[in-house]
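Chemist: For reference, the file start-v4.csv (CSV, C-alpha atoms) is included below:
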```csv
chain,number,residue,atom,x,y,z
Y,1148,MET,CA,103.5,83.6,110.9
Y,1149,ALA,CA,102.4,80.0,110.9
Y,1150,LYS,CA,104.9,77.4,109.9
Y,1151,SER,CA,102.9,76.6,106.8
Y,1152,LEU,CA,103.9,80.0,105.4
Y,1153,ASN,CA,107.6,79.6,106.0
Y,1154,SER,CA,108.3,78.2,102.5
Y,1155,LEU,CA,105.5,77.5,100.1
Y,1156,VAL,CA,102.0,79.0,100.4
Y,1157,PRO,CA,98.7,79.0,98.6
Y,1158,VAL,CA,99.0,82.1,96.5
Y,1159,SER,CA,95.4,82.2,95.2
Y,1160,LEU,CA,94.2,83.0,98.7
Y,1161,LEU,CA,96.0,86.3,98.4
Y,1162,THR,CA,94.8,86.8,94.8
Y,1163,LEU,CA,91.2,86.1,95.5
Y,1164,ILE,CA,91.0,88.3,98.6
Y,1165,ILE,CA,90.4,91.4,96.6
Y,1166,ALA,CA,88.7,91.9,93.2
Y,1167,PRO,CA,91.4,90.7,90.9
Y,1168,ILE,CA,94.0,93.2,89.8
Y,1169,CYS,CA,96.2,90.5,88.5
Y,1170,PHE,CA,98.3,91.5,85.5
Y,1171,SER,CA,97.3,89.8,82.3
Y,1172,MET,CA,100.2,87.4,82.0
Y,1173,SER,CA,100.1,83.8,80.8
Y,1174,THR,CA,101.3,81.1,83.1
Y,1175,HIS,CA,102.3,77.4,83.2
Y,1176,GLY,CA,98.8,76.2,82.5
Y,1177,GLY,CA,97.5,79.0,80.3
Y,1178,PRO,CA,95.9,82.4,81.1
Y,1179,LEU,CA,94.5,83.3,84.4
Y,1180,TYR,CA,90.7,83.0,84.8
Y,1181,PRO,CA,88.3,83.6,87.8
Y,1182,GLN,CA,86.5,80.2,87.5
Y,1183,PHE,CA,89.6,78.1,88.1
Y,1184,TYR,CA,88.3,76.5,91.3
Y,1185,LYS,CA,84.6,76.4,90.2
Y,1186,HIS,CA,84.6,72.5,90.4
Y,1187,SER,CA,87.5,71.6,92.6
Y,1188,CYS,CA,86.6,74.0,95.4
Y,1189,PRO,CA,83.4,75.9,94.6
Y,1190,ASN,CA,83.1,77.7,97.9
Y,1191,VAL,CA,86.6,79.1,97.9
Y,1192,GLU,CA,85.7,82.7,97.3
Y,1193,LYS,CA,82.8,82.6,99.8
Y,1194,ILE,CA,85.2,81.3,102.4
Y,1195,ILE,CA,87.9,83.9,101.7
Y,1196,TRP,CA,85.4,86.8,101.7
Y,1197,SER,CA,84.0,85.5,105.0
Y,1198,VAL,CA,87.4,85.6,106.7
Y,1199,VAL,CA,88.3,88.9,105.2
Y,1200,ALA,CA,85.0,90.5,106.2
Y,1201,LYS,CA,85.6,89.3,109.8
Y,1202,ALA,CA,89.2,90.7,109.8
Y,1203,VAL,CA,88.0,94.1,108.4
Y,1204,ALA,CA,85.2,94.3,110.9
Y,1205,LYS,CA,87.7,93.8,113.7
Y,1206,GLU,CA,90.2,96.4,112.2
Y,1207,ARG,CA,89.0,98.6,109.3
Y,1208,ARG,CA,92.6,99.3,108.3
Y,1209,MET,CA,93.0,95.7,107.3
Y,1210,ALA,CA,91.2,96.2,104.0
Y,1211,ALA,CA,93.9,98.6,102.9
Y,1212,SER,CA,96.6,96.4,104.3
Y,1213,LEU,CA,95.5,93.4,102.3
Y,1214,LEU,CA,95.1,95.4,99.1
Y,1215,ARG,CA,98.6,96.8,99.6
Y,1216,LEU,CA,100.0,93.3,100.3
Y,1217,HIS,CA,98.4,92.1,97.1
Y,1218,PHE,CA,99.7,95.0,95.1
Y,1219,HIS,CA,103.3,94.5,96.4
Y,1220,ASP,CA,103.1,90.9,95.5
Y,1221,CYS,CA,101.9,91.5,91.9
Y,1222,PHE,CA,104.4,94.2,91.1
Y,1223,VAL,CA,107.3,91.7,91.6
Y,1224,LYS,CA,107.4,88.9,89.0
Y,1225,GLY,CA,103.6,88.9,88.8
Y,1226,CYS,CA,100.9,87.7,91.3
Y,1227,ASP,CA,102.8,84.6,92.5
Y,1228,GLY,CA,102.8,85.0,96.3
Y,1229,GLY,CA,106.5,85.7,96.6
Y,1230,VAL,CA,105.8,88.4,99.2
Y,1231,LEU,CA,104.4,85.6,101.5
Y,1232,LEU,CA,107.6,83.6,101.6
Y,1233,ASP,CA,109.9,83.8,104.6
Y,1234,SER,CA,113.7,83.8,104.3
Y,1235,SER,CA,115.1,80.3,104.2
Y,1236,GLY,CA,118.6,79.1,103.1
Y,1237,SER,CA,119.6,81.2,100.1
Y,1238,LEU,CA,116.1,82.6,99.7
Y,1239,ILE,CA,115.9,86.2,101.0
Y,1240,SER,CA,112.3,87.2,101.8
Y,1241,GLU,CA,110.7,90.2,100.0
Y,1242,LYS,CA,109.4,91.1,103.5
Y,1243,ARG,CA,112.9,92.5,104.1
Y,1244,SER,CA,112.7,95.0,101.2
Y,1245,ASN,CA,112.4,98.7,101.8
Y,1246,PRO,CA,108.7,98.9,100.7
Y,1247,ASN,CA,107.7,96.0,102.9
Y,1248,ARG,CA,110.0,96.0,106.0
Y,1249,ASN,CA,108.0,96.9,109.1
Y,1250,SER,CA,105.1,97.9,107.0
Y,1251,ALA,CA,103.7,95.0,105.0
Y,1252,ARG,CA,100.9,93.5,107.1
Y,1253,GLY,CA,97.9,91.1,107.0
Y,1254,PHE,CA,99.9,87.9,107.0
Y,1255,GLU,CA,97.9,86.5,109.9
Y,1256,VAL,CA,94.7,87.0,107.9
Y,1257,ILE,CA,96.3,84.9,105.1
Y,1258,ASP,CA,97.1,82.2,107.7
Y,1259,GLU,CA,93.5,82.2,108.8
Y,1260,ILE,CA,92.2,82.0,105.2
Y,1261,LYS,CA,94.6,79.2,104.4
Y,1262,ALA,CA,93.3,77.1,107.4
Y,1263,ALA,CA,89.7,77.7,106.5
Y,1264,VAL,CA,90.2,76.7,102.8
Y,1265,GLU,CA,92.3,73.7,103.7
Y,1266,LYS,CA,89.5,72.5,105.9
Y,1267,GLU,CA,87.0,72.7,103.0
Y,1268,CYS,CA,89.3,71.6,100.2
Y,1269,PRO,CA,92.4,69.8,101.5
Y,1270,GLU,CA,95.5,70.1,99.2
Y,1271,THR,CA,93.5,71.6,96.4
Y,1272,VAL,CA,93.8,75.4,96.4
Y,1273,SER,CA,97.1,76.7,95.0
Y,1274,TYR,CA,99.8,74.5,96.3
Y,1275,TRP,CA,102.7,74.5,93.9
Y,1276,TRP,CA,103.0,70.7,93.9
Y,1277,THR,CA,99.4,70.1,92.8
Y,1278,LYS,CA,98.3,69.5,89.3
Y,1279,LEU,CA,95.8,72.3,89.5
Y,1280,GLY,CA,98.3,74.9,88.7
Y,1281,GLY,CA,97.9,77.6,91.4
Y,1282,THR,CA,96.5,81.1,91.6
Y,1283,ILE,CA,93.5,81.2,89.3
Y,1284,GLY,CA,95.7,79.3,86.8
Y,1285,ARG,CA,99.1,80.4,88.1
Y,1286,ARG,CA,101.5,78.2,90.0
Y,1287,ASP,CA,102.8,79.4,93.4
Y,1288,THR,CA,106.4,80.6,93.3
Y,1289,ARG,CA,109.2,78.9,95.1
Y,1290,ASP,CA,111.4,82.0,95.0
Y,1291,ALA,CA,111.3,85.6,96.0
Y,1292,SER,CA,113.0,88.7,94.6
Y,1293,LEU,CA,114.4,91.2,97.2
Y,1294,SER,CA,115.8,93.4,94.4
Y,1295,GLY,CA,112.6,93.3,92.4
Y,1296,SER,CA,110.7,94.4,95.5
Y,1297,ASN,CA,113.1,97.2,96.2
Y,1298,TYR,CA,113.2,98.6,92.7
Y,1299,ASN,CA,109.9,97.7,91.0
Y,1300,ILE,CA,107.3,98.8,93.5
Y,1301,PRO,CA,106.5,102.5,93.1
Y,1302,ALA,CA,107.9,104.6,96.0
Y,1303,PRO,CA,106.1,107.5,97.8
Y,1304,ASN,CA,108.6,110.0,96.6
Y,1305,ASN,CA,108.7,108.8,92.9
Y,1306,THR,CA,107.7,111.4,90.3
Y,1307,PHE,CA,104.5,110.9,88.3
Y,1308,GLN,CA,106.6,109.9,85.2
Y,1309,THR,CA,108.6,107.4,87.2
Y,1310,ILE,CA,105.5,105.7,88.6
Y,1311,HIS,CA,103.8,105.8,85.2
Y,1312,THR,CA,106.8,104.1,83.6
Y,1313,LYS,CA,106.8,101.4,86.3
Y,1314,PHE,CA,103.1,100.7,85.5
Y,1315,LYS,CA,103.8,100.6,81.7
Y,1316,LEU,CA,106.5,98.0,82.3
Y,1317,LYS,CA,103.9,95.8,83.8
Y,1318,GLY,CA,101.5,96.3,80.9
Y,1319,LEU,CA,99.3,98.7,82.8
Y,1320,ASP,CA,97.9,101.9,81.2
Y,1321,LEU,CA,97.0,105.3,82.6
Y,1322,VAL,CA,93.5,104.2,83.5
Y,1323,ASP,CA,95.0,101.3,85.6
Y,1324,PHE,CA,97.5,103.8,87.1
Y,1325,VAL,CA,94.6,106.1,88.2
Y,1326,ALA,CA,92.4,103.3,89.5
Y,1327,LEU,CA,95.2,101.6,91.5
Y,1328,SER,CA,96.5,104.9,92.9
Y,1329,GLY,CA,92.9,105.6,94.0
Y,1330,SER,CA,93.2,102.7,96.5
Y,1331,HIS,CA,95.3,105.1,98.6
Y,1332,THR,CA,92.1,106.8,99.6
Y,1333,ILE,CA,91.6,104.1,102.3
Y,1334,GLY,CA,93.9,103.0,105.1
Y,1335,ASP,CA,96.7,105.0,106.8
Y,1336,ALA,CA,100.0,106.3,105.5
Y,1337,ARG,CA,103.2,106.1,107.4
Y,1338,CYS,CA,104.5,109.5,108.5
Y,1339,THR,CA,107.9,108.8,106.8
Y,1340,SER,CA,106.1,108.5,103.5
Y,1341,PHE,CA,105.1,112.2,103.3
Y,1342,ARG,CA,106.8,114.1,106.1
Y,1343,GLN,CA,109.4,115.4,103.6
Y,1344,ARG,CA,106.7,117.0,101.5
Y,1345,LEU,CA,105.4,118.9,104.5
Y,1346,TYR,CA,108.7,120.3,105.7
Y,1347,ASN,CA,111.7,119.7,103.5
Y,1348,GLN,CA,110.7,118.7,99.9
Y,1349,SER,CA,113.9,119.9,98.2
Y,1350,GLY,CA,116.4,119.8,101.0
Y,1351,ASN,CA,116.0,123.5,101.7
Y,1352,GLY,CA,113.7,123.3,104.7
Y,1353,GLN,CA,110.7,124.3,102.6
Y,1354,PRO,CA,107.4,122.3,102.0
Y,1355,ASP,CA,106.3,121.1,98.6
Y,1356,ASN,CA,104.7,124.1,97.0
Y,1357,THR,CA,102.6,121.9,94.7
Y,1358,LEU,CA,100.8,120.4,97.8
Y,1359,ASP,CA,97.4,122.0,98.7
Y,1360,GLN,CA,98.5,124.4,101.3
Y,1361,ALA,CA,95.3,124.2,103.4
Y,1362,TYR,CA,95.6,120.4,103.5
Y,1363,ALA,CA,99.4,120.7,104.2
Y,1364,ALA,CA,98.6,122.9,107.2
Y,1365,GLN,CA,96.1,120.4,108.5
Y,1366,LEU,CA,98.6,117.5,108.2
Y,1367,ARG,CA,101.3,119.5,110.0
Y,1368,THR,CA,99.0,119.9,113.1
Y,1369,SER,CA,99.3,116.1,113.7
Y,1370,LEU,CA,102.8,115.5,112.2
Y,1371,PRO,CA,105.7,117.2,113.9
Y,1372,PRO,CA,108.8,118.1,111.7
Y,1373,VAL,CA,111.9,116.1,111.7
Y,1374,TRP,CA,115.0,117.9,110.5
Y,1375,TRP,CA,117.7,116.1,108.6
```
For the file at hand, write its structure as structure tokens.
Modeler:
Amino acid sequence: MAKSLNSLVPVSLLTLIIAPICFSMSTHGGPLYPQFYKHSCPNVEKIIWSVVAKAVAKERRMAASLLRLHFHDCFVKGCDGGVLLDSSGSLISEKRSNPNRNSARGFEVIDEIKAAVEKECPETVSYWWTKLGGTIGRRDTRDASLSGSNYNIPAPNNTFQTIHTKFKLKGLDLVDFVALSGSHTIGDARCTSFRQRLYNQSGNGQPDNTLDQAYAAQLRTSLPPVWW
């Protein structure tokens, strides 16, 4: 990662990458709104989408990775960019949490976006020290929450009810739950996320019988078993 992301970063770059899924929370300067940079940096969204389009054209998986990165940020203390912060002093990065460690990716794209936006609008877009206020109306965070990242982000092996409850705690309803879960139809999943369902769902060496068996058989052809 670039040095500029070691401490404080422009959160709105992350938020504007994807059609906003920001949770409706008020912030220091009032509610979030999409036109926050309409006058101070009118081309910001065009710049961001241009960089993202180039990154996705180079690696299609990057679209899913950026969406996941955004989601993992917003589920911990709101869309404040905490996931972008590196460990420093007493601050422990959310990148070290179980949901993010060795799996959260796309930070280099954020670096590239930051450089492009800074060239167009120096010291304007979402620095915590500016008077503009940050991510589409939200200030950048100066802190991270390792525990929040570990416990708030839905896990692959959580039950439907557990995940639904985590969404409700963020003010998201069942429609939001279905829509955001649907984002898993793009990108790739890590084997560790679903191997258990294929081979040892309940610790008895048997697969998950609620999983479509034809699909399970297809997955097993490319994913060997690992016994515990």
Chemist: How close does each residue of region 1288-1342 of chain Y get to region 1218-1237 of chain Y, giving the shortest atom pair and distance in Å to one decimal for every residue with an atom at most 12 Å away, counting all atoms listed in the file, sorted by chain and residue number, as JSON lines?
Modeler:
```
{"residue": "Y:Thr1288", "atom": "CA", "partner": "Y:Asp1227", "partner_atom": "CA", "distance": 5.4}
{"residue": "Y:Arg1289", "atom": "CA", "partner": "Y:Gly1229", "partner_atom": "CA", "distance": 7.5}
{"residue": "Y:Asp1290", "atom": "CA", "partner": "Y:Gly1229", "partner_atom": "CA", "distance": 6.3}
{"residue": "Y:Ala1291", "atom": "CA", "partner": "Y:Gly1229", "partner_atom": "CA", "distance": 4.8}
{"residue": "Y:Ser1292", "atom": "CA", "partner": "Y:Val1223", "partner_atom": "CA", "distance": 7.1}
{"residue": "Y:Leu1293", "atom": "CA", "partner": "Y:Val1223", "partner_atom": "CA", "distance": 9.1}
{"residue": "Y:Ser1294", "atom": "CA", "partner": "Y:Val1223", "partner_atom": "CA", "distance": 9.1}
{"residue": "Y:Gly1295", "atom": "CA", "partner": "Y:Val1223", "partner_atom": "CA", "distance": 5.6}
{"residue": "Y:Ser1296", "atom": "CA", "partner": "Y:Val1223", "partner_atom": "CA", "distance": 5.8}
{"residue": "Y:Asn1297", "atom": "CA", "partner": "Y:Val1223", "partner_atom": "CA", "distance": 9.2}
{"residue": "Y:Tyr1298", "atom": "CA", "partner": "Y:Val1223", "partner_atom": "CA", "distance": 9.1}
{"residue": "Y:Asn1299", "atom": "CA", "partner": "Y:Phe1222", "partner_atom": "CA", "distance": 6.5}
{"residue": "Y:Ile1300", "atom": "CA", "partner": "Y:Phe1222", "partner_atom": "CA", "distance": 5.9}
{"residue": "Y:Pro1301", "atom": "CA", "partner": "Y:Phe1222", "partner_atom": "CA", "distance": 8.8}
{"residue": "Y:Ala1302", "atom": "CA", "partner": "Y:His1219", "partner_atom": "CA", "distance": 11.1}
{"residue": "Y:Ile1310", "atom": "CA", "partner": "Y:Phe1222", "partner_atom": "CA", "distance": 11.8}
{"residue": "Y:Lys1313", "atom": "CA", "partner": "Y:Phe1222", "partner_atom": "CA", "distance": 9.0}
{"residue": "Y:Phe1314", "atom": "CA", "partner": "Y:Phe1222", "partner_atom": "CA", "distance": 8.7}
{"residue": "Y:Lys1315", "atom": "CA", "partner": "Y:Phe1222", "partner_atom": "CA", "distance": 11.4}
{"residue": "Y:Leu1316", "atom": "CA", "partner": "Y:Phe1222", "partner_atom": "CA", "distance": 9.8}
{"residue": "Y:Lys1317", "atom": "CA", "partner": "Y:Phe1222", "partner_atom": "CA", "distance": 7.5}
{"residue": "Y:Gly1318", "atom": "CA", "partner": "Y:Phe1222", "partner_atom": "CA", "distance": 10.8}
{"residue": "Y:Leu1319", "atom": "CA", "partner": "Y:Phe1222", "partner_atom": "CA", "distance": 10.7}
{"residue": "Y:Leu1327", "atom": "CA", "partner": "Y:Phe1218", "partner_atom": "CA", "distance": 8.8}
{"residue": "Y:Ser1328", "atom": "CA", "partner": "Y:Phe1218", "partner_atom": "CA", "distance": 10.6}
{"residue": "Y:Ser1330", "atom": "CA", "partner": "Y:Phe1218", "partner_atom": "CA", "distance": 10.2}
{"residue": "Y:His1331", "atom": "CA", "partner": "Y:Phe1218", "partner_atom": "CA", "distance": 11.6}
```
Chemist: At a cut-off of 12 Å, using all atoms listed in the file, what residues contact region 1360-1364 of chain Y? Leave out same-chain residues fewer than 3 positions from it and give the result as number ranges by chain.
Modeler: Y: 1341-1346, 1353-1357, 1367-1371
Chemist: Hey, can you check how far CA of Ser1250 (chain Y) sits from CA of Asn1347 (chain Y)?
Modeler: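 If I compute the distance from CA of Ser1250 (chain Y) to CA of Asn1347 (chain Y), I get 23.0 Å.
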Chemist: CA of Tyr1184 (chain Y) to CA of Glu1265 (chain Y): how many Å, to one decimal?
Modeler: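 Result for CA of Tyr1184 (chain Y) versus CA of Glu1265 (chain Y): 13.3 Å, one decimal.
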Chemist: Between CA of Asp1359 (chain Y) and CA of Pro1246 (chain Y), what is the distance, to one decimal in Å?
Modeler: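 Taking CA of Asp1359 (chain Y) and CA of Pro1246 (chain Y), their separation equals 25.8 Å.
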Chemist: Could you put an axis-aligned box around every listed atom of region 1345-1359 of chain Y, padded by 6 Å on each side, and send me its centre and edge lengths in Å to one decimal, as AutoDock Vina command-line options?
Modeler:
```
--center_x 106.9 --center_y 121.5 --center_z 100.2 --size_x 31.0 --size_y 17.6 --size_z 23.0
```
Chemist: Would you please work out which residue, of Y:Glu1270, Y:Asp1335, Y:Asp1320, Y:Glu1259, is nearest to Ser1187 (chain Y) when using all atoms listed in the file?
Modeler: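 The closest residue to Ser1187 (chain Y) is Y:Glu1270.
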Chemist: Restricting the calculation to only C-alpha atoms: of Y:Thr1309, Y:Ala1263, Y:Thr1339, Y:Arg1243, which residue gets closest to Ser1197 (chain Y)?
Modeler: Y:Ala1263
Chemist: Looking at all atoms listed in the file, which of Y:Cys1268, Y:Asp1287, Y:Pro1372, Y:Val1256 is the one that sits closest to Lys1205 (chain Y)?
Modeler: Y:Val1256
Chemist: Contacts of Arg1252 (chain Y) at 8 Å or less, counting all atoms listed in the file, minus same-chain residues fewer than 4 places along, as a PyMOL selection string?
Modeler: chain Y and resi 1212-1213+1216
Chemist: My list of candidates is Y:His1311, Y:Val1264, Y:Gln1365, Y:Lys1242. Which is closest to Trp1196 (chain Y) when distances are computed with only C-alpha atoms?
Modeler: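 Using only C-alpha atoms, the shortest distance to Trp1196 (chain Y) belongs to Y:Val1264.
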